[in-house]
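Containing compact mmCIF, C-alpha atoms: work-v1.txt.
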```txt
# COMPACT_ATOMS: atom_id res chain seq x y z
CA MET A 220 -6.11 24.13 -20.81
CA LYS A 221 -5.46 21.27 -18.44
CA GLU A 222 -6.85 17.80 -17.99
CA ILE A 223 -7.39 16.74 -14.40
CA GLN A 224 -7.42 13.00 -13.75
CA ILE A 225 -8.75 11.94 -10.37
CA PHE A 226 -8.40 8.35 -9.11
CA VAL A 227 -10.62 7.65 -6.09
CA PRO A 228 -12.72 4.87 -4.55
CA ASP A 229 -16.18 4.50 -6.08
CA GLN A 230 -17.95 6.12 -3.12
CA ALA A 231 -16.12 9.43 -3.72
CA LEU A 232 -17.64 9.98 -7.17
CA LYS A 233 -20.64 11.91 -5.84
CA ASP A 234 -18.47 14.27 -3.77
CA VAL A 235 -16.21 15.06 -6.74
CA ASN A 236 -19.20 15.50 -9.05
CA ASP A 237 -20.81 17.95 -6.60
CA ILE A 238 -17.62 20.02 -6.43
CA LEU A 239 -17.34 20.11 -10.24
CA LYS A 240 -20.97 21.24 -10.56
CA GLU A 241 -20.49 23.96 -7.93
CA SER A 242 -17.40 25.14 -9.83
CA GLN A 243 -19.42 25.21 -13.08
CA VAL A 244 -17.20 22.70 -14.88
CA GLY A 245 -19.04 21.92 -18.08
CA GLY A 246 -18.35 18.21 -18.54
CA MET A 247 -16.91 15.17 -16.85
CA SER A 248 -16.17 11.56 -17.74
CA HIS A 249 -15.79 8.73 -15.28
CA TYR A 250 -14.74 5.13 -15.63
CA ARG A 251 -14.79 2.07 -13.40
CA ILE A 252 -11.22 0.81 -13.25
CA HIS A 253 -9.16 -1.66 -11.23
CA GLY A 254 -5.61 -1.03 -10.09
CA ARG A 255 -3.12 -1.52 -7.33
CA GLY A 256 -1.27 0.96 -5.22
CA SER A 257 -0.51 1.71 -1.61
CA SER A 258 -3.97 0.86 -0.23
CA LYS A 259 -4.54 -2.70 0.91
CA SER A 260 -7.21 -4.97 -0.54
CA GLU A 261 -9.75 -6.53 1.77
CA GLU A 262 -10.27 -10.27 1.76
CA VAL A 263 -13.40 -11.39 -0.14
CA ALA A 264 -15.47 -14.57 -0.16
CA VAL A 265 -15.93 -16.50 -3.40
CA GLY A 266 -18.11 -19.38 -4.48
CA LEU A 267 -20.55 -20.35 -1.76
CA GLY A 268 -18.49 -18.53 0.84
CA THR A 269 -16.21 -21.48 1.42
CA MET A 270 -13.11 -19.85 -0.04
CA ARG A 271 -11.55 -16.46 0.66
CA TYR A 272 -8.83 -14.58 -1.15
CA THR A 273 -7.30 -11.12 -1.26
CA PRO A 274 -7.60 -9.55 -4.73
CA GLU A 275 -4.48 -7.92 -6.15
CA TYR A 276 -6.42 -5.10 -7.80
CA ASN A 277 -8.82 -2.68 -6.09
CA PRO A 278 -11.89 -1.20 -7.78
CA ARG A 279 -11.57 2.55 -8.34
CA THR A 280 -13.21 5.34 -10.29
CA LYS A 281 -11.21 7.47 -12.72
CA ILE A 282 -12.66 10.93 -13.31
CA GLU A 283 -11.48 13.14 -16.16
CA VAL A 284 -12.22 16.82 -16.71
CA VAL A 285 -10.70 19.46 -18.96
CA VAL A 286 -10.65 22.97 -17.51
CA SER A 287 -9.04 26.33 -18.12
CA ASP A 288 -5.66 26.98 -16.52
CA ASP A 289 -7.09 29.41 -13.97
CA GLN A 290 -9.53 26.80 -12.57
CA VAL A 291 -6.96 24.09 -11.84
CA ASP A 292 -5.60 25.21 -8.47
CA SER A 293 -8.98 25.94 -6.89
CA LEU A 294 -10.48 22.64 -8.12
CA ILE A 295 -7.56 20.58 -6.82
CA TYR A 296 -7.74 22.38 -3.48
CA LYS A 297 -11.51 21.83 -3.11
CA ILE A 298 -11.39 18.17 -4.15
CA ALA A 299 -8.38 17.29 -2.01
CA ASN A 300 -9.80 19.00 1.09
CA LYS A 301 -13.22 17.37 0.72
CA LEU A 302 -11.80 13.87 0.21
CA ARG A 303 -9.12 14.25 2.88
CA ALA A 304 -11.84 15.12 5.41
CA SER A 305 -13.60 11.86 4.48
CA ASP A 306 -10.40 9.79 4.81
CA ILE A 307 -10.58 8.92 1.11
CA VAL A 308 -7.34 7.78 -0.53
CA GLY A 309 -6.60 8.60 -4.15
CA LYS A 310 -4.48 10.52 -6.61
CA ILE A 311 -4.89 13.63 -8.73
CA PHE A 312 -2.87 14.20 -11.90
CA VAL A 313 -2.81 17.34 -14.05
CA LEU A 314 -1.81 17.18 -17.73
CA ASP A 315 -1.45 19.84 -20.41
CA VAL A 316 -4.01 19.86 -23.22
CA PRO A 317 -2.35 21.63 -26.16
CA ILE A 318 -5.30 21.32 -28.58
CA ALA A 319 -9.04 20.81 -28.13
CA LEU A 320 -11.33 20.49 -31.15
CA ASP A 321 -15.12 20.39 -31.17
CA ILE A 322 -15.91 17.96 -33.98
CA ARG A 323 -19.35 19.34 -34.83
CA SER A 324 -18.46 23.04 -34.97
CA ASN A 325 -14.78 22.58 -35.88
CA LYS A 326 -13.87 25.18 -33.23
CA THR A 327 -10.61 24.89 -31.33
CA GLY A 328 -9.64 26.18 -27.90
CA GLU A 329 -11.59 26.39 -24.69
```

Using structure tokens, write down the structure from this file.
Amino acid sequence: MKEIQIFVPDQALKDVNDILKESQVGGMSHYRIHGRGSSKSEEVAVGLGTMRYTPEYNPRTKIEVVVSDDQVDSLIYKIANKLRASDIVGKIFVLDVPIALDIRSNKTGE
């Protein structure tokens, strides 16, 4: 099994969710995060609009899914192509999941 972590702007969440549903991925978690990377922050107004500053950290969404090994390549391909066509910037990481345990049933594996 593999865990896929996807870091994208907030507006890309729906596109990724649609792809995961079409691919029959059973579950997904997403988090609102802030981070910095290669993309530039836009200047924002604060207070009554009299001051402006450029934040160091950009808002992002982190999406996590755990899938079988044979689903990884097709999911990454679909997600990357969809987001690339929309000019979305982000990152995808794939990690090994050596053990998965369902707490209620005490079953392990996929």

Write out as a CSV table (one decimal) with C-alpha atoms, in the coordinates of the input each polymer residue whose atoms come within 6 Å of stretch 236-249 of chain A, counting all atoms listed in the file; drop sequence neighbours fewer than 4 positions from it.
```csv
chain,number,residue,atom,x,y,z
A,281,LYS,CA,-11.2,7.5,-12.7
A,282,ILE,CA,-12.7,10.9,-13.3
A,283,GLU,CA,-11.5,13.1,-16.2
A,284,VAL,CA,-12.2,16.8,-16.7
```

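Here atom CA of A:Glu222 is placed at a distance of 20.1 Å from atom CA of A:Asn325.
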
If we count all atoms listed in the file and set the cut-off at 12 Å, which residues sit around A:Ser287, ignoring sequence neighbours fewer than 2 positions away in its own chain? Please answer as a compact mmCIF listing (two decimals) with C-alpha atoms, in the coordinates of the input.
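Output below, filename around_34.txt:
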```
# COMPACT_ATOMS: atom_id res chain seq x y z
CA MET A 220 -6.11 24.13 -20.81
CA LYS A 221 -5.46 21.27 -18.44
CA GLU A 222 -6.85 17.80 -17.99
CA ILE A 223 -7.39 16.74 -14.40
CA SER A 242 -17.40 25.14 -9.83
CA GLN A 243 -19.42 25.21 -13.08
CA VAL A 244 -17.20 22.70 -14.88
CA GLY A 245 -19.04 21.92 -18.08
CA VAL A 284 -12.22 16.82 -16.71
CA VAL A 285 -10.70 19.46 -18.96
CA ASP A 289 -7.09 29.41 -13.97
CA GLN A 290 -9.53 26.80 -12.57
CA VAL A 291 -6.96 24.09 -11.84
CA ASP A 292 -5.60 25.21 -8.47
CA SER A 293 -8.98 25.94 -6.89
CA LEU A 294 -10.48 22.64 -8.12
CA VAL A 313 -2.81 17.34 -14.05
CA LEU A 314 -1.81 17.18 -17.73
CA ASP A 315 -1.45 19.84 -20.41
CA VAL A 316 -4.01 19.86 -23.22
CA PRO A 317 -2.35 21.63 -26.16
CA ALA A 319 -9.04 20.81 -28.13
CA GLY A 328 -9.64 26.18 -27.90
CA GLU A 329 -11.59 26.39 -24.69
```

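Using only C-alpha atoms, the smallest distance between any of A:Ile322, A:Ile307, A:Val263, A:Val286 and A:Leu232 comes from A:Ile307.
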
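With only C-alpha atoms as the basis for measurement, A:Ser258 is the residue among A:Ser324, A:Asn300, A:Ser258, A:Gln224 that approaches A:Asn277 most closely.
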
I'd like the neighbourhood of A:Asp229 as an MDAnalysis selection string, where a residue qualifies if any of its atoms comes within 6 Å (using only C-alpha atoms), though same-chain residues fewer than 2 positions away should be ignored. chainID A and resid 231:232 279:280

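Rounded to one decimal, atom CA of A:Ser260 and atom CA of A:Asp306 lie 16.0 Å from each other.
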
Nearest residue to A:Phe312 from the set A:Ile252, A:Lys326, A:Ile295, A:Tyr272 (distances using all atoms listed in the file): A:Ile295

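Between atom CA of A:Phe226 and atom CA of A:Gly309 the interatomic distance comes to 5.3 Å.
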
Name the residues within 7 Å of (-13.4, 17.6, -1.9), counting only C-alpha atoms in the file's coordinates, and put them as a PyMOL selection string. chain A and resi 234-235+238+297-302

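When only C-alpha atoms are used to compute distances to A:Val227, the closest of the residues A:Lys259, A:Met270, A:Ala264, A:Tyr250 turns out to be A:Tyr250.
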